[in-house]
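The file target_25.cif comes next; it holds mmCIF, C-alpha atoms.
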```
data_protein
#
loop_
_atom_site.label_atom_id
_atom_site.label_comp_id
_atom_site.auth_asym_id
_atom_site.auth_seq_id
_atom_site.Cartn_x
_atom_site.Cartn_y
_atom_site.Cartn_z
CA MET S 16 32.43 117.91 113.85
CA LYS S 17 28.66 117.68 113.31
CA PHE S 18 28.18 120.78 115.42
CA ALA S 19 30.62 122.73 113.24
CA LEU S 20 28.75 121.68 110.10
CA ILE S 21 25.38 122.79 111.51
CA ARG S 22 26.95 126.08 112.55
CA VAL S 23 28.10 126.79 109.01
CA ILE S 24 24.69 125.97 107.52
CA PHE S 25 22.86 128.39 109.81
CA LEU S 26 25.36 131.22 109.70
CA ILE S 27 25.67 131.58 105.93
CA PRO S 28 22.02 132.66 105.31
CA ILE S 29 22.47 135.51 107.78
CA PHE S 30 24.89 137.17 105.39
CA LEU S 31 22.97 136.59 102.17
CA PRO S 32 20.55 139.55 102.52
CA VAL S 33 23.48 141.84 103.25
CA VAL S 34 25.27 140.76 100.09
CA ALA S 35 22.10 141.02 98.02
CA LYS S 36 21.44 144.55 99.27
CA THR S 37 24.99 145.55 98.53
CA GLN S 38 24.64 144.21 95.01
CA SER S 39 21.50 146.19 94.30
CA ASN S 40 23.05 149.45 95.52
CA ALA S 41 26.54 148.98 94.11
CA ASP S 42 27.79 151.53 91.65
CA ASP S 43 30.00 148.97 89.97
CA SER S 44 31.12 145.36 90.18
CA SER S 45 34.26 146.33 92.08
CA ALA S 46 32.27 147.61 95.06
CA TYR S 47 30.14 144.48 94.98
CA GLN S 48 33.17 142.18 95.00
CA THR S 49 34.72 144.17 97.85
CA ALA S 50 31.53 143.80 99.90
CA ILE S 51 31.52 140.05 99.33
CA ALA S 52 35.18 139.74 100.33
CA ASN S 53 34.60 141.75 103.51
CA THR S 54 31.54 139.71 104.41
CA ILE S 55 33.36 136.42 103.96
CA SER S 56 36.31 137.71 105.95
CA ILE S 57 34.07 138.69 108.89
CA TYR S 58 32.32 135.35 108.71
CA TYR S 59 35.50 133.29 108.86
CA ASN S 60 36.99 135.43 111.60
CA GLN S 61 33.87 134.78 113.71
CA LEU S 62 34.23 131.05 113.22
CA GLY S 63 37.41 131.11 115.31
CA ASP S 64 39.04 127.70 115.65
CA GLN S 65 36.31 126.17 113.44
CA SER S 66 37.57 128.13 110.45
CA GLY S 67 39.73 126.88 107.60
CA LEU S 68 42.78 128.63 109.04
CA TYR S 69 43.34 126.11 111.83
CA ASN S 70 43.97 123.03 109.74
CA GLY S 71 47.77 122.83 109.61
CA ARG S 72 50.26 120.44 111.16
CA LEU S 73 51.75 120.85 114.61
CA TYR S 74 54.84 123.03 114.51
CA ALA S 75 57.98 121.84 116.30
CA ARG S 76 60.25 124.48 117.81
CA TYR S 77 64.01 124.02 117.56
CA ASP S 78 65.26 121.87 120.43
CA PHE S 79 68.66 123.58 120.50
CA PRO S 80 69.81 127.20 120.92
CA PHE S 81 71.50 129.33 118.30
CA ALA S 82 74.83 130.89 119.22
CA VAL S 83 74.50 133.58 116.54
CA GLY S 84 71.39 134.81 114.75
CA SER S 85 67.79 133.64 114.79
CA PRO S 86 65.76 131.50 112.40
CA TYR S 87 62.72 133.75 112.90
CA PHE S 88 61.65 136.90 111.09
CA LEU S 89 62.24 139.84 113.48
CA SER S 90 60.83 138.04 116.54
CA SER S 91 60.82 134.53 118.03
CA ASP S 92 57.44 135.26 119.63
CA PHE S 93 53.97 135.19 118.11
CA ASN S 94 52.79 138.65 117.08
CA ASP S 95 49.43 139.97 115.95
CA GLY S 96 49.11 139.96 112.17
CA SER S 97 46.81 139.28 109.26
CA ILE S 98 46.92 136.66 106.53
CA ILE S 99 45.16 135.78 103.28
CA TYR S 100 44.70 132.02 103.44
CA SER S 101 42.81 130.06 100.78
CA GLY S 102 41.61 133.39 99.41
CA VAL S 103 40.15 134.57 102.73
CA LEU S 104 41.48 137.47 104.80
CA TYR S 105 41.97 136.74 108.51
CA THR S 106 42.80 139.60 110.85
CA HIS S 107 44.27 139.70 114.37
CA VAL S 108 45.94 136.33 113.93
CA PRO S 109 48.96 135.28 116.04
CA ILE S 110 51.76 134.73 113.51
CA LEU S 111 55.33 133.48 113.71
CA PHE S 112 57.49 133.29 110.57
CA ASP S 113 60.28 130.72 110.55
CA GLU S 114 62.53 132.00 107.76
CA LEU S 115 65.02 129.13 107.99
CA ARG S 116 62.34 126.56 107.20
CA GLU S 117 60.12 129.00 105.28
CA GLN S 118 57.15 128.12 107.48
CA VAL S 119 54.34 130.40 108.60
CA VAL S 120 52.99 129.40 111.99
CA THR S 121 49.87 130.37 113.92
CA ARG S 122 48.71 129.37 117.38
CA ASP S 123 45.57 127.63 118.57
CA HIS S 124 44.92 126.71 122.22
CA GLY S 125 48.63 127.11 122.99
CA TYR S 126 49.85 124.88 120.16
CA GLY S 127 51.81 126.09 117.14
CA LEU S 128 50.22 125.13 113.82
CA GLN S 129 52.25 125.15 110.61
CA LEU S 130 50.14 126.54 107.78
CA VAL S 131 50.21 125.19 104.23
CA ASN S 132 52.42 127.48 102.14
CA GLU S 133 50.49 126.83 98.92
CA ARG S 134 47.33 128.30 100.51
CA ILE S 135 49.03 131.53 101.61
CA SER S 136 48.82 134.55 99.29
CA GLU S 137 50.36 137.02 101.72
CA PHE S 138 50.56 138.01 105.35
CA SER S 139 51.34 141.13 107.37
CA LEU S 140 53.61 140.98 110.39
CA LEU S 141 55.37 143.65 112.48
CA GLY S 142 54.77 146.34 109.88
CA HIS S 143 55.92 144.20 106.95
CA ARG S 144 53.88 142.82 104.08
CA ILE S 145 55.16 139.39 103.06
CA ILE S 146 53.91 138.00 99.75
CA ARG S 147 54.24 134.49 98.37
CA VAL S 148 55.52 134.34 94.82
CA VAL S 149 55.01 131.24 92.70
CA GLY S 150 57.79 130.83 90.16
CA ASP S 151 57.20 130.13 86.48
CA SER S 152 59.43 127.31 85.25
CA LEU S 153 58.89 128.42 81.64
CA ASN S 154 60.20 131.94 82.29
CA GLU S 155 63.92 132.15 82.99
CA ASN S 156 63.42 135.63 84.48
CA SER S 157 60.81 134.42 86.94
CA LEU S 158 61.44 134.65 90.67
CA ALA S 159 61.92 131.47 92.66
CA THR S 160 58.88 130.29 94.57
CA GLY S 161 58.93 131.57 98.14
CA PHE S 162 58.10 134.39 100.54
CA TYR S 163 59.28 137.93 99.76
CA ASP S 164 59.16 141.10 101.84
CA LEU S 165 57.31 143.68 99.73
CA LEU S 166 59.15 146.90 100.56
CA TYR S 167 57.50 149.16 98.01
CA SER S 168 54.53 148.74 95.70
CA GLY S 169 53.67 151.30 93.05
CA LYS S 170 54.09 151.44 89.30
CA SER S 171 57.40 149.80 90.10
CA SER S 172 58.01 147.59 93.14
CA VAL S 173 60.82 146.47 95.41
CA LEU S 174 61.23 143.08 97.08
CA ARG S 175 63.65 141.74 99.65
CA LYS S 176 64.39 138.03 99.88
CA SER S 177 66.16 136.73 102.99
CA ARG S 178 67.95 133.41 102.59
CA GLU S 179 68.99 131.81 105.86
CA ASN S 180 71.36 128.90 106.35
CA MET S 181 72.41 127.12 109.51
CA GLN S 182 76.06 126.31 110.07
CA GLU S 183 77.43 124.07 112.80
CA LYS S 184 80.80 124.50 114.50
CA LEU S 185 82.19 121.82 116.78
CA THR S 186 84.04 122.94 119.88
CA ASN S 187 85.63 120.85 122.65
CA THR S 188 82.41 120.85 124.64
CA GLU S 189 79.48 121.51 122.32
CA ILE S 190 78.09 122.14 118.87
CA LEU S 191 77.53 125.81 118.08
CA ARG S 192 74.77 126.57 115.61
CA ILE S 193 74.99 129.81 113.66
CA ILE S 194 72.43 131.43 111.39
CA VAL S 195 73.95 133.06 108.32
CA THR S 196 71.61 135.42 106.48
CA HIS S 197 72.00 136.67 102.92
CA GLU S 198 69.61 139.27 101.56
CA ASP S 199 68.73 139.76 97.91
CA TYR S 200 67.01 142.92 96.69
CA LEU S 201 64.93 142.92 93.55
CA ILE S 202 63.23 145.71 91.68
CA ARG S 203 60.57 145.57 88.99
CA ILE S 204 60.52 148.21 86.28
CA GLY S 205 58.06 146.94 83.73
CA VAL S 206 57.28 143.22 83.73
CA ASN S 207 60.16 141.28 85.28
CA TYR S 208 62.09 141.62 88.52
CA GLN S 209 65.83 142.23 88.38
CA LYS S 210 68.32 141.65 91.16
CA VAL S 211 70.10 144.78 92.39
CA ASN S 212 73.54 144.43 93.97
CA SER S 213 74.88 147.98 93.75
CA LYS S 214 74.05 151.60 93.08
CA ARG S 215 75.48 151.19 89.58
CA GLU S 216 73.09 148.33 88.81
CA LEU S 217 70.19 150.41 90.14
CA LEU S 218 71.10 153.26 87.80
CA ASP S 219 71.39 150.81 84.89
CA ILE S 220 67.87 149.52 85.58
CA MET S 221 66.54 153.10 85.69
CA SER S 222 68.67 154.22 82.76
CA ASP S 223 65.82 156.17 81.11
CA HIS S 224 66.00 158.63 84.05
CA ARG S 225 69.60 158.05 85.03
CA LYS S 226 70.64 161.67 85.52
CA GLN S 227 67.60 162.58 87.62
CA ILE S 228 68.05 159.46 89.77
CA GLN S 229 71.71 160.27 90.38
CA GLN S 230 70.81 163.79 91.46
CA PHE S 231 68.02 162.51 93.71
CA ILE S 232 70.31 160.03 95.47
CA LYS S 233 72.98 162.69 96.01
CA LYS S 234 70.53 165.36 97.19
CA ASN S 235 68.89 163.03 99.71
CA ARG S 236 72.21 161.57 100.86
CA LEU S 237 71.14 158.02 100.16
CA HIS S 238 73.78 155.32 100.50
CA TYR S 239 73.13 152.00 98.83
CA ARG S 240 75.55 149.88 100.87
CA ARG S 241 74.75 151.32 104.29
CA ASP S 242 70.99 151.65 103.84
CA THR S 243 69.95 149.48 100.92
CA ALA S 244 66.25 149.07 101.66
CA ASN S 245 65.60 152.76 102.30
CA THR S 246 67.57 153.76 99.21
CA LEU S 247 65.59 151.41 96.96
CA ILE S 248 62.22 152.40 98.43
CA LYS S 249 62.79 156.15 98.02
CA THR S 250 64.42 155.83 94.63
CA ALA S 251 61.63 153.62 93.26
CA ALA S 252 58.99 156.07 94.49
CA PHE S 253 60.86 158.96 92.83
CA TYR S 254 61.24 156.97 89.63
CA ASP S 255 57.46 156.39 89.55
CA GLN S 256 56.90 160.14 89.81
CA LEU S 257 59.20 160.71 86.85
CA SER S 258 57.45 158.02 84.83
CA LYS S 259 53.93 159.47 85.16
#
```
Target encoding structure tokens, full file:
Amino acid sequence: MKFALIRVIFLIPIFLPVVAKTQSNADDSSAYQTAIANTISIYYNQLGDQSGLYNGRLYARYDFPFAVGSPYFLSSDFNDGSIIYSGVLYTHVPILFDELREQVVTRDHGYGLQLVNERISEFSLLGHRIIRVVGDSLNENSLATGFYDLLYSGKSSVLRKSRENMQEKLTNTEILRIIVTHEDYLIRIGVNYQKVNSKRELLDIMSDHRKQIQQFIKKNRLHYRRDTANTLIKTAAFYDQLSK
């Protein structure tokens, strides 16, 4: 522990001249803040297992199989990803997302470590950007606190929320455990997110360009029920073009 403390003290001054130089040459405060963020990110990535990322609890895998479905997001293995944790970006991090428990897990020296949800802003995994939303109890239109798959981000945005439940069925010889997944899709036009359950509801949300949206969906042969995510992504992007 003392060694780690000394290491931090001596490493930080190395970066200070770089930040100072960046500040003096920056065209604006945005470039300066970006340089600081990148510097801190590099610093923490170089710390390895001494960094603030590896401070979670041990993660326990399920000690029983699932007859149907999986509690994990896309893969039951660790995959290379990135994560913003306590405001710091970490890249090339082994990540496993347990959707059933809503736990983000990393790995250190072969052990799974459950990260603290409240410290996670977002993470990227297998081509998906997962953001953590903190609900507002004073706003009845606020989303529930949790992790959401950000499918599209522009002037408008589209989220997918997977809700997983485990059901148990007793047979003559064993207990079968089944994962049942329900997906909610939400779209933001303006300030608040609204749940979308059908093509009709989508058109109602985009009512100011209803005719153009209908034509776009028909022309591109989009089908809400069969391909919900793709339909929402393409429609939201088209809506943003119309709203410029």
- Residues selected by the PyMOL selection byres ((chain S and resi 81) around 8), written as a PyMOL selection string: chain S and resi 79-80+82-85+191-194
- Check what the PyMOL selection byres ((chain S and resi 215) around 12) selects in the file above and give those residues as JSON, numbers by chain. {"S": [211, 212, 213, 214, 216, 217, 218, 219, 220, 221, 222, 225, 228, 229, 232, 238, 239, 240]}
- Task: Using all atoms listed in the file, pick whichever of S:Ala159, S:Ser172, S:Val206, S:Arg76 has the shortest atom-to-atom distance to Tyr254 in chain S.
- Result: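 Comparing S:Ala159, S:Ser172, S:Val206, S:Arg76 against Tyr254 in chain S, the winner is S:Ser172.
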- On this file, the PyMOL selection byres ((chain S and resi 144) around 10) gives some set of residues; write that set as number ranges by chain. S: 96-98, 137-143, 145-146, 163-167
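CA of Leu201 in chain S is found 16.8 Å from CA of Arg241 in chain S.
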- Counting all atoms listed in the file, closest pick from S:Leu115, S:Val103, S:Val108, S:Leu158 relative to Thr196 in chain S is S:Leu115
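The interatomic distance for the pair CA of Glu117 in chain S and CA of Thr243 in chain S works out to 23.1 Å.
Between CA of Tyr74 in chain S and CA of Gln129 in chain S lies a distance of 5.1 Å.
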- Task: Can you pull out every residue within 7 Å of Asn94 in chain S, counting only C-alpha atoms, but drop anything in the same chain fewer than 6 positions away, and send it as a PyMOL selection string?
- Result: chain S and resi 109-111
- Taking only C-alpha atoms into account, which of S:Tyr126, S:Phe93, S:Tyr87, S:Tyr77 comes nearest Asp113 in chain S?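 The closest residue to Asp113 in chain S is S:Tyr87.
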- Message: Just want the 6 Å neighbourhood of Phe112 in chain S, counted on all atoms listed in the file, with same-chain residues fewer than 2 positions away dropped. Output as a ChimeraX atom specification.
- Response: /S:87-88,114,119
